[in-house]
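Colleague: First, the structure itself, so that you have it in front of you.
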Amino acid sequence: MRHFFIFSIFFLFACSEQDQSSEISVPTSELEEDLRIEFQRYRDEILDTRELTIMLREGGYVYDPTLLHSVEMVDEYINSKEQALNIGVYAADLNYMTIFEQNKDNMVYADAIFRLAEELSISEAFDKEYLTELLKNNIPSYKLKSDELNDVFEQAKNEINSSDRAQITALIIAGSWVEGMYLSTSLAQEEWPNEEIAERMWHQCFSYHQVLKMLKIYKDYPPCDVVYRKFLELEPAVTNITETSVRTLKDHLLSYHGIILDLREFIIQN
């Protein structure tokens, strides 16, 4: 049985930004009620990039291990922004591996997530024992295994959110969304997807607005503000896609992929 521990201690983080001597945490409970409701709504409206990855696999796309973020970078992340964002990145990579049934290194990626969570003092939000058992078990359905894996991370984000650290949840989700979009748009560069996959990719672009709004709620928390301002650079490319039809997606995908790649580099480079 899964056990998740709720903890409510308020933490301050050391900040690596040159113009900040400390990071100011904004507890969830201190937000106005309407903002808390908005935050949850934006989070719920973000389309799961995992579904797009499943469609790509079923569409005949081949697993590319070179797209994964290197776990050798994990010890380079020393502040809360880097650590939270890259928990999201490694979580998306882990699901990518799971969906394509490439399980050789899945525990290595899980360990990277655990290490970053430990540094953020949120390790108790993750059911390490259950996740380890899940990854080691030979579950015949990759969809079922991916669903179970997703449930673990959703529960963890709920625990982090309930412990007055929703700003960390926002950064984890942002990192995961970027990595998921990076993986799918990278695969699509090799061969243009069929109409069904292209339509899903088009709809996936709309989730950008929810991620942006979610980060904006925590602009008073310096790490979220930095990421929010970086996310704004993607807005023109997203607008070009979302204000036109799915049939024109191919025309804009190259520039969109380029900005996603730049955003990912911002996230994974310490």
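Every chain in the structure tokens takes a letter, A first, then B, and so on in the order presented; its residues are numbered from 1, and the ligands are numbered from 1 following the presented order.
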For range 36-51 of chain A, please output as a PyMOL selection string all residues within 9 Å (counting only C-alpha atoms; exclusion window: fewer than 5 positions along the same chain).
Modeller: chain A and resi 28-29+31+56+92+95-96+99+146+150+166+170+173+176-177+179-181+184+200-201+203-211+213-215+217
Colleague: Per DSSP on the backbone, filter range 64-257 of chain A down to the residues in helix (DSSP H, G or I) and report them as an MDAnalysis selection string.
Modeller: chainID A and resid 65:67 71:76 80:99 106:119 123:125 128:136 142:162 166:190 195:217 222:242 246:257
Colleague: Measuring between only C-alpha atoms, which one of A:Leu131, A:Leu120, A:Ser70, A:Trp202 shows the shortest distance to Glu243 in chain A?
Modeller: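 Closest to Glu243 in chain A of all the choices is A:Trp202.
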Colleague: Using only C-alpha atoms, which of the listed residues (A:Ile259, A:Leu249, A:Thr132, A:Arg57) sits closest to Trp192 in chain A?
Modeller: A:Leu249
Colleague: In Å, rounded to a single decimal, give me how far CA of Ile160 in chain A is from CA of Glu265 in chain A.
Modeller: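 About the pair CA of Glu265 in chain A and CA of Ile160 in chain A: they are 25.6 Å apart.
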Colleague: Can you pull out the residues contacting Leu261 in chain A? Cut-off 12 Å, using only C-alpha atoms, and skip same-chain residues under 3 positions away; I want them as an MDAnalysis selection string.
Modeller: chainID A and resid 67 178:186 231 233:234 253:258 264:269
Colleague: Put those residues in a file: N, CA and C atoms, as an mmCIF file, in the first residue's frame.
Modeller:
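The result, stored in selection.cif:
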```
data_model
loop_
_atom_site.group_PDB
_atom_site.id
_atom_site.type_symbol
_atom_site.label_atom_id
_atom_site.label_comp_id
_atom_site.auth_asym_id
_atom_site.auth_seq_id
_atom_site.Cartn_x
_atom_site.Cartn_y
_atom_site.Cartn_z
ATOM 1 N N LEU A 67 17.831 11.287 -26.925
ATOM 2 C CA LEU A 67 16.997 12.426 -26.545
ATOM 3 C C LEU A 67 16.924 12.612 -25.027
ATOM 4 N N VAL A 178 7.926 20.781 -20.622
ATOM 5 C CA VAL A 178 8.943 21.122 -21.624
ATOM 6 C C VAL A 178 9.619 19.861 -22.155
ATOM 7 N N GLU A 179 9.999 18.958 -21.258
ATOM 8 C CA GLU A 179 10.675 17.738 -21.703
ATOM 9 C C GLU A 179 9.746 16.877 -22.553
ATOM 10 N N GLY A 180 8.482 16.794 -22.160
ATOM 11 C CA GLY A 180 7.527 16.023 -22.948
ATOM 12 C C GLY A 180 7.349 16.589 -24.346
ATOM 13 N N MET A 181 7.267 17.925 -24.449
ATOM 14 C CA MET A 181 7.141 18.559 -25.761
ATOM 15 C C MET A 181 8.423 18.405 -26.572
ATOM 16 N N TYR A 182 9.553 18.473 -25.888
ATOM 17 C CA TYR A 182 10.838 18.284 -26.568
ATOM 18 C C TYR A 182 10.927 16.881 -27.174
ATOM 19 N N LEU A 183 10.552 15.878 -26.401
ATOM 20 C CA LEU A 183 10.620 14.498 -26.886
ATOM 21 C C LEU A 183 9.708 14.288 -28.093
ATOM 22 N N SER A 184 8.473 14.772 -27.992
ATOM 23 C CA SER A 184 7.510 14.531 -29.075
ATOM 24 C C SER A 184 7.863 15.322 -30.335
ATOM 25 N N THR A 185 8.261 16.580 -30.182
ATOM 26 C CA THR A 185 8.603 17.369 -31.372
ATOM 27 C C THR A 185 9.914 16.891 -31.996
ATOM 28 N N SER A 186 10.806 16.338 -31.174
ATOM 29 C CA SER A 186 12.048 15.774 -31.719
ATOM 30 C C SER A 186 11.744 14.555 -32.578
ATOM 31 N N PHE A 231 9.643 31.386 -20.160
ATOM 32 C CA PHE A 231 8.518 30.782 -20.878
ATOM 33 C C PHE A 231 7.859 31.785 -21.820
ATOM 34 N N GLU A 233 9.130 33.700 -23.813
ATOM 35 C CA GLU A 233 9.808 33.717 -25.111
ATOM 36 C C GLU A 233 9.160 32.752 -26.105
ATOM 37 N N LEU A 234 8.440 31.778 -25.582
ATOM 38 C CA LEU A 234 7.789 30.789 -26.444
ATOM 39 C C LEU A 234 6.441 31.283 -26.972
ATOM 40 N N LEU A 253 6.138 24.104 -36.935
ATOM 41 C CA LEU A 253 6.734 23.177 -35.975
ATOM 42 C C LEU A 253 8.241 23.356 -35.845
ATOM 43 N N LEU A 254 8.920 23.659 -36.925
ATOM 44 C CA LEU A 254 10.373 23.792 -36.874
ATOM 45 C C LEU A 254 10.790 24.923 -35.940
ATOM 46 N N SER A 255 10.151 26.091 -36.080
ATOM 47 C CA SER A 255 10.494 27.212 -35.203
ATOM 48 C C SER A 255 10.065 26.922 -33.769
ATOM 49 N N TYR A 256 8.923 26.258 -33.618
ATOM 50 C CA TYR A 256 8.428 25.899 -32.287
ATOM 51 C C TYR A 256 9.405 24.943 -31.605
ATOM 52 N N HIS A 257 9.856 23.944 -32.352
ATOM 53 C CA HIS A 257 10.809 22.980 -31.797
ATOM 54 C C HIS A 257 12.100 23.676 -31.382
ATOM 55 N N GLY A 258 12.532 24.644 -32.178
ATOM 56 C CA GLY A 258 13.754 25.368 -31.854
ATOM 57 C C GLY A 258 13.655 26.117 -30.539
ATOM 58 N N ARG A 264 14.462 24.107 -23.111
ATOM 59 C CA ARG A 264 14.992 22.911 -22.434
ATOM 60 C C ARG A 264 16.440 23.122 -22.008
ATOM 61 N N GLU A 265 17.243 23.738 -22.881
ATOM 62 C CA GLU A 265 18.636 24.005 -22.532
ATOM 63 C C GLU A 265 18.725 24.907 -21.306
ATOM 64 N N PHE A 266 17.837 25.880 -21.226
ATOM 65 C CA PHE A 266 17.776 26.762 -20.060
ATOM 66 C C PHE A 266 17.499 25.952 -18.789
ATOM 67 N N ILE A 267 16.652 24.933 -18.911
ATOM 68 C CA ILE A 267 16.265 24.125 -17.753
ATOM 69 C C ILE A 267 17.365 23.160 -17.328
ATOM 70 N N ILE A 268 17.974 22.483 -18.287
ATOM 71 C CA ILE A 268 18.911 21.413 -17.923
ATOM 72 C C ILE A 268 20.330 21.908 -17.678
ATOM 73 N N GLN A 269 20.649 23.116 -18.147
ATOM 74 C CA GLN A 269 21.979 23.656 -17.891
ATOM 75 C C GLN A 269 21.971 24.393 -16.565
#
```
Colleague: Using only C-alpha atoms, can you tell me which of A:Leu171, A:Val62, A:Ala237, A:Met73 comes closest to Glu191 in chain A?
Modeller: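 Of A:Leu171, A:Val62, A:Ala237, A:Met73, the one nearest Glu191 in chain A is A:Val62, counting only C-alpha atoms.
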